[in-house]
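Engineer: Take this structure, written in structure tokens, and hold onto it; I'll ask about it next.
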Amino acid sequence: MPGKPDFRWGDLGDDDEGPEAVLPPTQVIGPDEKGIKIVTEWRRNDDGGVVKVTKTVRVKRQLKKLSPAVAARRNLKKFGDAVGQNASDNLTVVSIEEVFLERAKTGGGPASAKIDGAPPMTGDLASLGNASLIVCRICGKKGDHWTSKCPFKDIMGAKGFGEKPPEEDASISSAAMPTATKSSYVPPSLRGGVPKGDGDARRGRDENSIRVTNLSEDTREQDLQELFRPFGPITRIYVAFDRETGLSRGFAFINFVNREDAVRAINKLDGYGYDNLILRVEWATPRADKA
Amino acid sequence: MRPILLKGHERPLTFLKYNRDGDLLFSCAKDHTPNVWYSHNGERIGTYKGHNGAVWCCDVTRDSRRLITGSADQTVKIWDVETGIQVHSFAFGSPARAVDFALGDKLAVITTDPFMGAPSAIHVKRVDSESLRDSSESLRIITGIQGRINRAVWGPLNKTIISAGEDATIRIWDAQTGKLIKENDPEAGHTKNITSLSKSADGSHFITGSSDKTAKLWDIRTLKLLKTYAAERPVNAVAISPVFDHVVVGGGQEASQVTTSDRRAGKFEATFYHKILQEEIGGVKGHFGPINALAFNPDGRGFSSGGEDGYVRIHHFDADYFNIKV
């Protein structure tokens, strides 16, 4: 008897107001030959009114054909160690984590060995997503290139970086050729960027650590990587995040492999305008000779 | 996709094989007991008990009735797939490394390692049931290769045997006479140990993986180098997709170097390359050690990998895999 609720007086509770208080049962029509199924539900909303919900669902049945041989093998008797095993042995576990076919980054040549995690250093920076943050301080162009890569740096360089010491040129050349910039861990013995024989640079990884303050809240590790990588190989980037809001707390630490790179980064980026804020870049642990 | 993890082995995996219908998956490991699993849900059906050493390789007949396994215990055993009963055991004087049924499942090629002064060898055996009753003499024995022969497979129409191994050379032998027909061009070939070899579904070409961090695609008749896939780590396992122009390459850092770097540096992932364009399509991570074995499901809708970590991972591709545009 579809459509009319099957209703009995005895089903009513004391506080119900009559036959109207009892919701009609859920009704399912179909699926018909096209696989269309109509489900009608009755619900009570927050205001006490009765709501009729009609869902139209297409039911698709997927048929997988098995060859007779496979079908015959579907229920093989267990043998060997499989006899007596049960689910609690956990021999077969469906992975909890979702695994994806992680697409390789495009742009490499045929079968080129790419450096893991390092976005292409060449090419337009606009593709990196934060183009608006990039403002060349020499020519003033937005979103096209870093100051250090400005095509006009030879002509106009003098006025742009007034406060910079004479090692400017060395920094530009190194910025143009980011050699061993790997974000993944490289064992000390394999670190290419470490100058041989310079024991001092090897000794203190923490001493090449610089502190960047007055960052905007939405600055991410990735942004800093792009900002600082041109100076040389970076071993660590740490952005302090607020635990509750998830926003940057406005400062970060960056460790360079080479001390010289850190010096250059400080010289160049201290006072640099980044995302409408003037960055302050300094040594993380002020040293006697620096202070 | 959520891979199915199979923990049926206590030692590193050595080989994986789907039967022709793709419903069964056979796994071999350095523990002594090959396993058979349902490939759709990972349920273990049984184990083949009897070997007394690492099992290096296996193959299954076209009708999925017989399994052949080669083991370091110097035997090659033939099993009844559905009951796990040992049907026959061939004894050799040295560890068996590779096994492969010929078309028609009447012959099998078996390679044995150099051992106690004996050189490595390729044996051809009759494996049909009548012959097994009568004698277990090798039909042909091919010697003269230096070092281990890691893989030997049959060529088209059982006319040739293709072998590859530690000497980094791929050779084609006449299956009838045992004469050497071809060697690969040393200029184009691998420079280090060839660890794996896998034929395409139609048997017209095959792929080899080597410790020299490359995988190479070869024509099975002319032994012409078709493609080279550059990996970043030594390659232990290779497989060719039966439906797409994809090859999957697995490997990883050598076990001895794992402790000197972190897990990401090990690159323990199965990497997909476009077979023709040689471009990397993507990688599937998950293993905690180098991948030693790879196999594509014959329906092309999934693949399995076996690692040094002792796990088999059965992957069933997500829908978007089938829409990949390169």
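Convention: chains lettered A, B, ... in structure tokens order; per-chain residue numbering from 1; ligands numbered from 1 as shown.
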Would you return as a list in words the members of region 158-193 of chain B that DSSP assigns to strand (DSSP E or B) on this structure's backbone?

Structural biologist: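 Residues meeting the strand (DSSP E or B) criterion: Thr160, Ile161, Ile162, Ser163, Ala164, Gly165, Ile170, Arg171, Ile172, Trp173, Asp174, Leu180, Ile181, Lys182 and Glu183 of chain B.
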
Engineer: Using 6 Å as the limit and counting only C-alpha atoms, can you tabulate each residue of chain A that touches chain B, with its shortest atom-to-atom distance in Å and the two atoms involved, as a Markdown table?

Structural biologist:
| residue | atom | partner | partner_atom | distance |
| --- | --- | --- | --- | --- |
| A:Lys78 | CA | B:Ile45 | CA | 5.1 |
| A:Phe79 | CA | B:Gly46 | CA | 4.6 |
| A:Gly80 | CA | B:Thr47 | CA | 4.7 |
| A:Asp81 | CA | B:Thr47 | CA | 5.7 |
| A:Ala82 | CA | B:Gly46 | CA | 4.8 |
| A:Leu91 | CA | B:Lys7 | CA | 4.7 |
| A:Thr92 | CA | B:Leu6 | CA | 4.7 |
| A:Val93 | CA | B:Leu5 | CA | 5.0 |
| A:Val94 | CA | B:Ile4 | CA | 4.3 |
| A:Ser95 | CA | B:Arg2 | CA | 5.4 |
| A:Glu98 | CA | B:Arg2 | CA | 5.1 |
| A:Val99 | CA | B:Met1 | CA | 5.4 |
| A:Leu101 | CA | B:Val284 | CA | 5.0 |
| A:Glu102 | CA | B:Gly282 | CA | 4.9 |
| A:Arg103 | CA | B:Gly282 | CA | 4.1 |
| A:Ala104 | CA | B:Gly282 | CA | 4.7 |
| A:Pro110 | CA | B:Glu279 | CA | 5.1 |
| A:Ala111 | CA | B:Glu279 | CA | 4.8 |
| A:Pro187 | CA | B:Ser261 | CA | 5.9 |

Engineer: Please dump the current selection as a PDB file, in the first residue's frame; keep C-alpha atoms.

Structural biologist:
ATOM      1  CA  LYS A  78      43.799 -23.466   1.826  1.00  0.00           C
ATOM      2  CA  PHE A  79      47.009 -25.412   2.032  1.00  0.00           C
ATOM      3  CA  GLY A  80      50.421 -25.171   3.620  1.00  0.00           C
ATOM      4  CA  ASP A  81      50.813 -22.448   6.209  1.00  0.00           C
ATOM      5  CA  ALA A  82      47.594 -20.848   5.048  1.00  0.00           C
ATOM      6  CA  LEU A  91      48.924 -11.297   6.920  1.00  0.00           C
ATOM      7  CA  THR A  92      46.882  -9.186   4.559  1.00  0.00           C
ATOM      8  CA  VAL A  93      46.362  -5.584   5.500  1.00  0.00           C
ATOM      9  CA  VAL A  94      44.882  -2.872   3.377  1.00  0.00           C
ATOM     10  CA  SER A  95      47.079   0.160   3.691  1.00  0.00           C
ATOM     11  CA  GLU A  98      46.304   6.546   0.529  1.00  0.00           C
ATOM     12  CA  VAL A  99      49.152   6.102  -1.940  1.00  0.00           C
ATOM     13  CA  LEU A 101      51.004   7.748  -8.380  1.00  0.00           C
ATOM     14  CA  GLU A 102      52.966  10.878  -7.711  1.00  0.00           C
ATOM     15  CA  ARG A 103      53.317  12.658 -10.958  1.00  0.00           C
ATOM     16  CA  ALA A 104      56.803  13.661 -11.901  1.00  0.00           C
ATOM     17  CA  PRO A 110      63.750  12.714 -21.768  1.00  0.00           C
ATOM     18  CA  ALA A 111      64.434  10.580 -18.743  1.00  0.00           C
ATOM     19  CA  PRO A 187      74.830  13.131   4.406  1.00  0.00           C
TER      20      PRO A 187
END

Engineer: Just to confirm, what's the straight-line distance from CA of Pro68 (chain A) to CA of Gly306 (chain B) in Å (one decimal)?

Structural biologist: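 Straight-line distance from CA of Pro68 (chain A) to CA of Gly306 (chain B) works out to 29.0 Å.
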
Engineer: So the first atom is CA of Tyr185 (chain A) and the second is CA of Asn255 (chain A); what is the distance between them in Å, to one decimal place?

Structural biologist: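 Separation of CA of Tyr185 (chain A) and CA of Asn255 (chain A): 12.9 Å.
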
Engineer: Please list as a list of chain:residue names every residue within 8 Å of Gly209 (chain B), counting only C-alpha atoms and excluding residues in the same chain fewer than 4 positions away.

Structural biologist: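 So the residues in contact are B:Ile194, B:Thr195, B:Ser196, B:Leu197, B:Lys213, B:Thr214, B:Ala215, B:Lys216, B:Val235, B:Asn236, B:Ala237, B:Val238, B:Val249.
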
Engineer: Those same residues - all heavy atoms - I'd like them written as a tab-separated table (two decimals), in the first residue's frame.

Structural biologist:
chain	number	residue	atom	x	y	z
B	194	ILE	N	73.18	-7.04	-14.58
B	194	ILE	CA	71.77	-6.95	-14.99
B	194	ILE	C	70.96	-7.74	-13.97
B	194	ILE	O	71.18	-8.93	-13.77
B	194	ILE	CB	71.57	-7.50	-16.41
B	194	ILE	CG1	72.33	-6.62	-17.41
B	194	ILE	CG2	70.09	-7.53	-16.76
B	194	ILE	CD1	72.34	-7.18	-18.81
B	195	THR	N	70.07	-7.06	-13.30
B	195	THR	CA	69.37	-7.69	-12.18
B	195	THR	C	68.03	-8.29	-12.58
B	195	THR	O	67.54	-9.17	-11.90
B	195	THR	CB	69.11	-6.64	-11.09
B	195	THR	OG1	68.52	-5.50	-11.70
B	195	THR	CG2	70.40	-6.24	-10.41
B	196	SER	N	67.46	-7.79	-13.65
B	196	SER	CA	66.12	-8.27	-13.96
B	196	SER	C	65.86	-8.17	-15.45
B	196	SER	O	66.50	-7.39	-16.17
B	196	SER	CB	65.08	-7.44	-13.21
B	196	SER	OG	65.31	-6.08	-13.44
B	197	LEU	N	64.91	-8.95	-15.90
B	197	LEU	CA	64.54	-8.98	-17.31
B	197	LEU	C	63.07	-9.35	-17.36
B	197	LEU	O	62.63	-10.26	-16.67
B	197	LEU	CB	65.40	-10.01	-18.04
B	197	LEU	CG	65.37	-10.08	-19.57
B	197	LEU	CD1	66.60	-10.80	-20.07
B	197	LEU	CD2	64.14	-10.76	-20.10
B	213	LYS	N	71.96	1.74	-12.85
B	213	LYS	CA	70.92	2.76	-12.68
B	213	LYS	C	70.15	3.05	-13.96
B	213	LYS	O	69.63	4.13	-14.13
B	213	LYS	CB	71.49	4.06	-12.11
B	213	LYS	CG	72.24	3.87	-10.81
B	213	LYS	CD	72.75	5.16	-10.27
B	213	LYS	CE	73.59	4.90	-9.02
B	213	LYS	NZ	74.21	6.10	-8.52
B	214	THR	N	70.12	2.12	-14.85
B	214	THR	CA	69.29	2.29	-16.03
B	214	THR	C	68.45	1.05	-16.25
B	214	THR	O	68.75	-0.04	-15.76
B	214	THR	CB	70.12	2.52	-17.32
B	214	THR	OG1	70.93	1.36	-17.54
B	214	THR	CG2	70.98	3.74	-17.23
B	215	ALA	N	67.37	1.25	-16.98
B	215	ALA	CA	66.61	0.13	-17.53
B	215	ALA	C	66.59	0.34	-19.03
B	215	ALA	O	66.56	1.48	-19.50
B	215	ALA	CB	65.19	0.13	-16.96
B	216	LYS	N	66.67	-0.76	-19.77
B	216	LYS	CA	66.75	-0.63	-21.23
B	216	LYS	C	65.74	-1.55	-21.88
B	216	LYS	O	65.47	-2.65	-21.39
B	216	LYS	CB	68.16	-0.98	-21.71
B	216	LYS	CG	69.20	0.10	-21.39
B	216	LYS	CD	70.60	-0.34	-21.77
B	216	LYS	CE	71.66	0.61	-21.23
B	216	LYS	NZ	71.80	1.84	-22.04
B	235	VAL	N	68.70	-0.40	-10.35
B	235	VAL	CA	67.40	-0.98	-10.69
B	235	VAL	C	67.42	-2.48	-10.37
B	235	VAL	O	68.32	-3.20	-10.79
B	235	VAL	CB	67.10	-0.75	-12.19
B	235	VAL	CG1	65.80	-1.43	-12.57
B	235	VAL	CG2	67.05	0.72	-12.50
B	236	ASN	N	66.45	-2.90	-9.59
B	236	ASN	CA	66.35	-4.31	-9.24
B	236	ASN	C	65.22	-5.02	-9.94
B	236	ASN	O	65.22	-6.25	-10.02
B	236	ASN	CB	66.12	-4.47	-7.73
B	236	ASN	CG	67.28	-3.98	-6.92
B	236	ASN	OD1	68.40	-3.89	-7.42
B	236	ASN	ND2	67.03	-3.64	-5.67
B	237	ALA	N	64.24	-4.28	-10.38
B	237	ALA	CA	63.06	-4.94	-10.92
B	237	ALA	C	62.45	-4.07	-12.01
B	237	ALA	O	62.48	-2.84	-11.92
B	237	ALA	CB	62.03	-5.18	-9.82
B	238	VAL	N	61.92	-4.71	-13.03
B	238	VAL	CA	61.32	-3.99	-14.14
B	238	VAL	C	60.08	-4.76	-14.58
B	238	VAL	O	59.98	-5.98	-14.39
B	238	VAL	CB	62.28	-3.88	-15.35
B	238	VAL	CG1	63.34	-2.84	-15.10
B	238	VAL	CG2	62.90	-5.21	-15.67
B	249	VAL	N	59.73	0.67	-13.11
B	249	VAL	CA	61.10	0.36	-12.74
B	249	VAL	C	61.20	0.50	-11.23
B	249	VAL	O	60.76	1.50	-10.66
B	249	VAL	CB	62.06	1.33	-13.45
B	249	VAL	CG1	63.46	1.22	-12.89
B	249	VAL	CG2	62.07	1.07	-14.94

Engineer: Considering only C-alpha atoms, return as a ChimeraX atom specification whatever protein or nucleic-acid residues lie within 7 Å of Phe90 (chain B), sequence-local ones (same chain, fewer than 2 positions apart) excluded.

Structural biologist: /B:75-77,88,92,136

Engineer: Please, could you write that set of residues out with N, CA, C and O atoms as an mmCIF file, in the first residue's frame?

Structural biologist:
data_model
loop_
_atom_site.group_PDB
_atom_site.id
_atom_site.type_symbol
_atom_site.label_atom_id
_atom_site.label_comp_id
_atom_site.auth_asym_id
_atom_site.auth_seq_id
_atom_site.Cartn_x
_atom_site.Cartn_y
_atom_site.Cartn_z
ATOM 1 N N THR B 75 67.894 -27.019 -5.842
ATOM 2 C CA THR B 75 66.837 -27.787 -6.484
ATOM 3 C C THR B 75 65.899 -26.837 -7.218
ATOM 4 O O THR B 75 65.807 -25.662 -6.909
ATOM 5 N N VAL B 76 65.230 -27.416 -8.206
ATOM 6 C CA VAL B 76 64.110 -26.743 -8.854
ATOM 7 C C VAL B 76 62.928 -27.669 -8.657
ATOM 8 O O VAL B 76 63.011 -28.861 -8.937
ATOM 9 N N LYS B 77 61.850 -27.148 -8.124
ATOM 10 C CA LYS B 77 60.708 -28.000 -7.793
ATOM 11 C C LYS B 77 59.499 -27.586 -8.609
ATOM 12 O O LYS B 77 59.300 -26.420 -8.923
ATOM 13 N N HIS B 88 57.483 -32.660 -8.496
ATOM 14 C CA HIS B 88 58.788 -33.155 -8.917
ATOM 15 C C HIS B 88 59.870 -32.242 -8.360
ATOM 16 O O HIS B 88 59.611 -31.083 -8.046
ATOM 17 N N PHE B 92 70.299 -30.040 -8.733
ATOM 18 C CA PHE B 92 71.447 -29.525 -9.466
ATOM 19 C C PHE B 92 72.643 -29.500 -8.537
ATOM 20 O O PHE B 92 72.510 -29.677 -7.323
ATOM 21 N N SER B 136 65.030 -37.135 -15.473
ATOM 22 C CA SER B 136 65.121 -35.700 -15.230
ATOM 23 C C SER B 136 66.438 -35.161 -15.772
ATOM 24 O O SER B 136 67.004 -34.235 -15.232
#

Engineer: Excluding Thr14 (chain B) and any residue of its chain fewer than 6 positions from it, enumerate the residues within 8 Å of it, using only C-alpha atoms, and give them as a PDB file with all heavy atoms, in the first residue's frame.

Structural biologist:
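Contents of the output file out29.pdb:
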ATOM      1  N   SER B  27      54.486 -15.333  -4.872  1.00  0.00           N
ATOM      2  CA  SER B  27      55.578 -14.525  -4.334  1.00  0.00           C
ATOM      3  C   SER B  27      56.683 -15.447  -3.837  1.00  0.00           C
ATOM      4  O   SER B  27      56.427 -16.459  -3.182  1.00  0.00           O
ATOM      5  CB  SER B  27      55.065 -13.634  -3.197  1.00  0.00           C
ATOM      6  OG  SER B  27      54.588 -14.415  -2.132  1.00  0.00           O
ATOM      7  N   CYS B  28      57.909 -15.086  -4.176  1.00  0.00           N
ATOM      8  CA  CYS B  28      59.073 -15.840  -3.713  1.00  0.00           C
ATOM      9  C   CYS B  28      59.934 -14.907  -2.866  1.00  0.00           C
ATOM     10  O   CYS B  28      60.044 -13.722  -3.163  1.00  0.00           O
ATOM     11  CB  CYS B  28      59.927 -16.318  -4.876  1.00  0.00           C
ATOM     12  SG  CYS B  28      59.045 -17.330  -6.039  1.00  0.00           S
ATOM     13  N   ALA B  29      60.557 -15.463  -1.858  1.00  0.00           N
ATOM     14  CA  ALA B  29      61.381 -14.645  -0.989  1.00  0.00           C
ATOM     15  C   ALA B  29      62.585 -15.451  -0.550  1.00  0.00           C
ATOM     16  O   ALA B  29      62.723 -16.635  -0.867  1.00  0.00           O
ATOM     17  CB  ALA B  29      60.592 -14.170   0.229  1.00  0.00           C
ATOM     18  N   LYS B  30      63.450 -14.782   0.189  1.00  0.00           N
ATOM     19  CA  LYS B  30      64.634 -15.480   0.673  1.00  0.00           C
ATOM     20  C   LYS B  30      64.293 -16.435   1.800  1.00  0.00           C
ATOM     21  O   LYS B  30      65.130 -17.245   2.182  1.00  0.00           O
ATOM     22  CB  LYS B  30      65.682 -14.455   1.118  1.00  0.00           C
ATOM     23  CG  LYS B  30      66.322 -13.742  -0.066  1.00  0.00           C
ATOM     24  CD  LYS B  30      67.445 -12.832   0.373  1.00  0.00           C
ATOM     25  CE  LYS B  30      67.962 -12.024  -0.787  1.00  0.00           C
ATOM     26  NZ  LYS B  30      68.920 -11.005  -0.360  1.00  0.00           N
ATOM     27  N   VAL B  55      64.358 -18.842  -2.284  1.00  0.00           N
ATOM     28  CA  VAL B  55      63.719 -19.141  -3.564  1.00  0.00           C
ATOM     29  C   VAL B  55      63.890 -17.909  -4.445  1.00  0.00           C
ATOM     30  O   VAL B  55      63.452 -16.817  -4.095  1.00  0.00           O
ATOM     31  CB  VAL B  55      62.229 -19.484  -3.362  1.00  0.00           C
ATOM     32  CG1 VAL B  55      61.590 -19.804  -4.696  1.00  0.00           C
ATOM     33  CG2 VAL B  55      62.094 -20.650  -2.409  1.00  0.00           C
ATOM     34  N   TRP B  56      64.556 -18.104  -5.573  1.00  0.00           N
ATOM     35  CA  TRP B  56      64.957 -16.953  -6.378  1.00  0.00           C
ATOM     36  C   TRP B  56      63.965 -16.606  -7.467  1.00  0.00           C
ATOM     37  O   TRP B  56      63.917 -15.476  -7.924  1.00  0.00           O
ATOM     38  CB  TRP B  56      66.318 -17.208  -7.035  1.00  0.00           C
ATOM     39  CG  TRP B  56      67.451 -17.246  -6.065  1.00  0.00           C
ATOM     40  CD1 TRP B  56      68.247 -18.315  -5.794  1.00  0.00           C
ATOM     41  CD2 TRP B  56      67.910 -16.175  -5.231  1.00  0.00           C
ATOM     42  NE1 TRP B  56      69.170 -17.975  -4.841  1.00  0.00           N
ATOM     43  CE2 TRP B  56      68.997 -16.676  -4.482  1.00  0.00           C
ATOM     44  CE3 TRP B  56      67.509 -14.865  -5.061  1.00  0.00           C
ATOM     45  CZ2 TRP B  56      69.677 -15.889  -3.564  1.00  0.00           C
ATOM     46  CZ3 TRP B  56      68.191 -14.082  -4.142  1.00  0.00           C
ATOM     47  CH2 TRP B  56      69.272 -14.597  -3.404  1.00  0.00           C
ATOM     48  N   CYS B  57      63.221 -17.579  -7.920  1.00  0.00           N
ATOM     49  CA  CYS B  57      62.414 -17.317  -9.098  1.00  0.00           C
ATOM     50  C   CYS B  57      61.300 -18.340  -9.192  1.00  0.00           C
ATOM     51  O   CYS B  57      61.382 -19.410  -8.592  1.00  0.00           O
ATOM     52  CB  CYS B  57      63.297 -17.396 -10.351  1.00  0.00           C
ATOM     53  SG  CYS B  57      62.518 -16.754 -11.818  1.00  0.00           S
ATOM     54  N   ASN B 292      62.599  -5.274  -4.891  1.00  0.00           N
ATOM     55  CA  ASN B 292      63.305  -6.383  -5.527  1.00  0.00           C
ATOM     56  C   ASN B 292      62.500  -7.043  -6.620  1.00  0.00           C
ATOM     57  O   ASN B 292      63.054  -7.782  -7.433  1.00  0.00           O
ATOM     58  CB  ASN B 292      63.652  -7.452  -4.483  1.00  0.00           C
ATOM     59  CG  ASN B 292      64.754  -7.000  -3.564  1.00  0.00           C
ATOM     60  OD1 ASN B 292      65.474  -6.057  -3.858  1.00  0.00           O
ATOM     61  ND2 ASN B 292      64.881  -7.667  -2.443  1.00  0.00           N
ATOM     62  N   ALA B 293      61.206  -6.857  -6.602  1.00  0.00           N
ATOM     63  CA  ALA B 293      60.373  -7.582  -7.555  1.00  0.00           C
ATOM     64  C   ALA B 293      59.200  -6.708  -7.956  1.00  0.00           C
ATOM     65  O   ALA B 293      58.641  -5.987  -7.134  1.00  0.00           O
ATOM     66  CB  ALA B 293      59.861  -8.881  -6.932  1.00  0.00           C
ATOM     67  N   GLY B 306      57.448  -6.108  -4.575  1.00  0.00           N
ATOM     68  CA  GLY B 306      57.976  -6.821  -3.418  1.00  0.00           C
ATOM     69  C   GLY B 306      59.295  -6.207  -3.035  1.00  0.00           C
ATOM     70  O   GLY B 306      60.119  -5.898  -3.895  1.00  0.00           O
ATOM     71  N   GLY B 307      59.503  -5.988  -1.755  1.00  0.00           N
ATOM     72  CA  GLY B 307      60.680  -5.248  -1.352  1.00  0.00           C
ATOM     73  C   GLY B 307      61.602  -6.017  -0.439  1.00  0.00           C
ATOM     74  O   GLY B 307      61.287  -7.105   0.043  1.00  0.00           O
TER      75      GLY B 307
END

Engineer: Suppose you want the space between CA of Leu13 (chain B) and CA of Ala108 (chain B); what is it in Å?

Structural biologist: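 CA of Ala108 (chain B) lies 22.5 Å from CA of Leu13 (chain B).
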
Engineer: Contacts of Tyr272 (chain A) at 9 Å or less, counting only C-alpha atoms, minus same-chain residues fewer than 6 places along, as a ChimeraX atom specification?

Structural biologist: /A:137,278-281

Engineer: I'd like a table as JSON lines: residues in region 163-210 of chain B with an atom no more than 7 Å from region 140-149 of chain B, each row giving the shortest atom pair and its distance in Å to one decimal, only C-alpha atoms counted, sorted by chain and rising residue number.

Structural biologist:
{"residue": "B:Ser163", "atom": "CA", "partner": "B:Ile149", "partner_atom": "CA", "distance": 6.7}
{"residue": "B:Ala164", "atom": "CA", "partner": "B:Ile149", "partner_atom": "CA", "distance": 5.7}
{"residue": "B:Gly165", "atom": "CA", "partner": "B:Ile149", "partner_atom": "CA", "distance": 4.1}
{"residue": "B:Glu166", "atom": "CA", "partner": "B:Arg148", "partner_atom": "CA", "distance": 5.3}
{"residue": "B:Asp167", "atom": "CA", "partner": "B:Gly147", "partner_atom": "CA", "distance": 6.2}
{"residue": "B:Gly178", "atom": "CA", "partner": "B:Ile142", "partner_atom": "CA", "distance": 5.9}

Engineer: Compile the contact shell of Thr177 (chain B) as an MDAnalysis selection string: residues with an atom at most 12 Å away, counting only C-alpha atoms, same-chain residues fewer than 3 positions apart removed.

Structural biologist: chainID B and resid 124 139:142 159:161 172:174 180:181

Engineer: Please produce a file of those selected residues containing all heavy atoms, as a compact mmCIF listing (two decimals), in the first residue's frame.

Structural biologist:
# COMPACT_ATOMS: atom_id res chain seq x y z
N VAL B 124 68.07 -26.73 -20.06
CA VAL B 124 66.72 -26.87 -20.60
C VAL B 124 66.21 -28.23 -20.18
O VAL B 124 66.88 -29.26 -20.37
CB VAL B 124 66.73 -26.74 -22.14
CG1 VAL B 124 65.32 -26.94 -22.68
CG2 VAL B 124 67.27 -25.40 -22.56
N LEU B 139 67.87 -31.52 -21.14
CA LEU B 139 67.85 -31.69 -22.58
C LEU B 139 69.08 -31.05 -23.20
O LEU B 139 69.67 -31.55 -24.13
CB LEU B 139 66.58 -31.01 -23.12
CG LEU B 139 65.95 -31.55 -24.37
CD1 LEU B 139 65.52 -32.98 -24.16
CD2 LEU B 139 64.72 -30.69 -24.69
N ARG B 140 69.44 -29.88 -22.68
CA ARG B 140 70.59 -29.14 -23.17
C ARG B 140 71.20 -28.39 -22.00
O ARG B 140 70.50 -27.98 -21.07
CB ARG B 140 70.17 -28.11 -24.22
CG ARG B 140 70.59 -28.46 -25.64
CD ARG B 140 69.95 -27.55 -26.64
NE ARG B 140 68.49 -27.57 -26.57
CZ ARG B 140 67.74 -28.58 -26.95
NH1 ARG B 140 68.28 -29.66 -27.45
NH2 ARG B 140 66.43 -28.53 -26.86
N ILE B 141 72.50 -28.24 -22.04
CA ILE B 141 73.17 -27.43 -21.03
C ILE B 141 74.08 -26.45 -21.75
O ILE B 141 74.89 -26.83 -22.60
CB ILE B 141 74.01 -28.30 -20.07
CG1 ILE B 141 73.12 -29.31 -19.36
CG2 ILE B 141 74.73 -27.43 -19.05
CD1 ILE B 141 73.87 -30.30 -18.49
N ILE B 142 73.89 -25.18 -21.47
CA ILE B 142 74.71 -24.14 -22.09
C ILE B 142 75.62 -23.58 -21.02
O ILE B 142 75.17 -23.18 -19.94
CB ILE B 142 73.82 -23.02 -22.66
CG1 ILE B 142 72.84 -23.59 -23.69
CG2 ILE B 142 74.67 -21.92 -23.28
CD1 ILE B 142 71.75 -22.61 -24.09
N LYS B 159 62.21 -20.62 -29.94
CA LYS B 159 63.38 -20.88 -30.79
C LYS B 159 64.66 -20.38 -30.14
O LYS B 159 65.73 -20.86 -30.47
CB LYS B 159 63.19 -20.18 -32.14
CG LYS B 159 62.21 -20.93 -33.02
CD LYS B 159 62.12 -20.32 -34.38
CE LYS B 159 61.22 -21.17 -35.26
NZ LYS B 159 60.62 -20.37 -36.33
N THR B 160 64.53 -19.43 -29.28
CA THR B 160 65.73 -18.86 -28.68
C THR B 160 65.55 -18.78 -27.16
O THR B 160 64.44 -18.92 -26.64
CB THR B 160 66.00 -17.44 -29.20
OG1 THR B 160 64.84 -16.65 -28.98
CG2 THR B 160 66.34 -17.44 -30.66
N ILE B 161 66.68 -18.60 -26.51
CA ILE B 161 66.69 -18.34 -25.07
C ILE B 161 67.47 -17.05 -24.86
O ILE B 161 68.55 -16.88 -25.43
CB ILE B 161 67.35 -19.51 -24.30
CG1 ILE B 161 66.47 -20.76 -24.38
CG2 ILE B 161 67.60 -19.13 -22.85
CD1 ILE B 161 67.17 -22.01 -23.92
N ILE B 172 71.52 -14.03 -26.82
CA ILE B 172 70.45 -14.85 -27.38
C ILE B 172 71.08 -16.16 -27.83
O ILE B 172 72.07 -16.18 -28.57
CB ILE B 172 69.77 -14.13 -28.57
CG1 ILE B 172 69.10 -12.85 -28.08
CG2 ILE B 172 68.74 -15.04 -29.22
CD1 ILE B 172 68.29 -12.16 -29.14
N TRP B 173 70.50 -17.27 -27.37
CA TRP B 173 71.00 -18.60 -27.67
C TRP B 173 69.99 -19.32 -28.55
O TRP B 173 68.78 -19.12 -28.41
CB TRP B 173 71.22 -19.41 -26.40
CG TRP B 173 72.04 -18.72 -25.36
CD1 TRP B 173 71.60 -17.83 -24.44
CD2 TRP B 173 73.44 -18.85 -25.15
NE1 TRP B 173 72.64 -17.40 -23.65
CE2 TRP B 173 73.78 -18.03 -24.06
CE3 TRP B 173 74.45 -19.61 -25.77
CZ2 TRP B 173 75.09 -17.91 -23.58
CZ3 TRP B 173 75.74 -19.51 -25.28
CH2 TRP B 173 76.06 -18.66 -24.20
N ASP B 174 70.50 -20.18 -29.37
CA ASP B 174 69.61 -21.06 -30.11
C ASP B 174 69.14 -22.15 -29.16
O ASP B 174 69.95 -22.88 -28.58
CB ASP B 174 70.38 -21.68 -31.29
CG ASP B 174 69.44 -22.44 -32.21
OD1 ASP B 174 68.54 -23.14 -31.71
OD2 ASP B 174 69.62 -22.34 -33.43
N LEU B 180 75.44 -19.82 -29.39
CA LEU B 180 75.23 -18.38 -29.18
C LEU B 180 74.88 -17.72 -30.51
O LEU B 180 75.61 -17.87 -31.50
CB LEU B 180 76.50 -17.75 -28.60
CG LEU B 180 76.43 -16.25 -28.32
CD1 LEU B 180 75.43 -15.94 -27.24
CD2 LEU B 180 77.80 -15.72 -27.93
N ILE B 181 73.75 -17.03 -30.55
CA ILE B 181 73.35 -16.35 -31.79
C ILE B 181 73.79 -14.90 -31.76
O ILE B 181 74.33 -14.38 -32.73
CB ILE B 181 71.82 -16.43 -31.98
CG1 ILE B 181 71.37 -17.88 -32.08
CG2 ILE B 181 71.40 -15.67 -33.23
CD1 ILE B 181 69.87 -18.03 -32.14
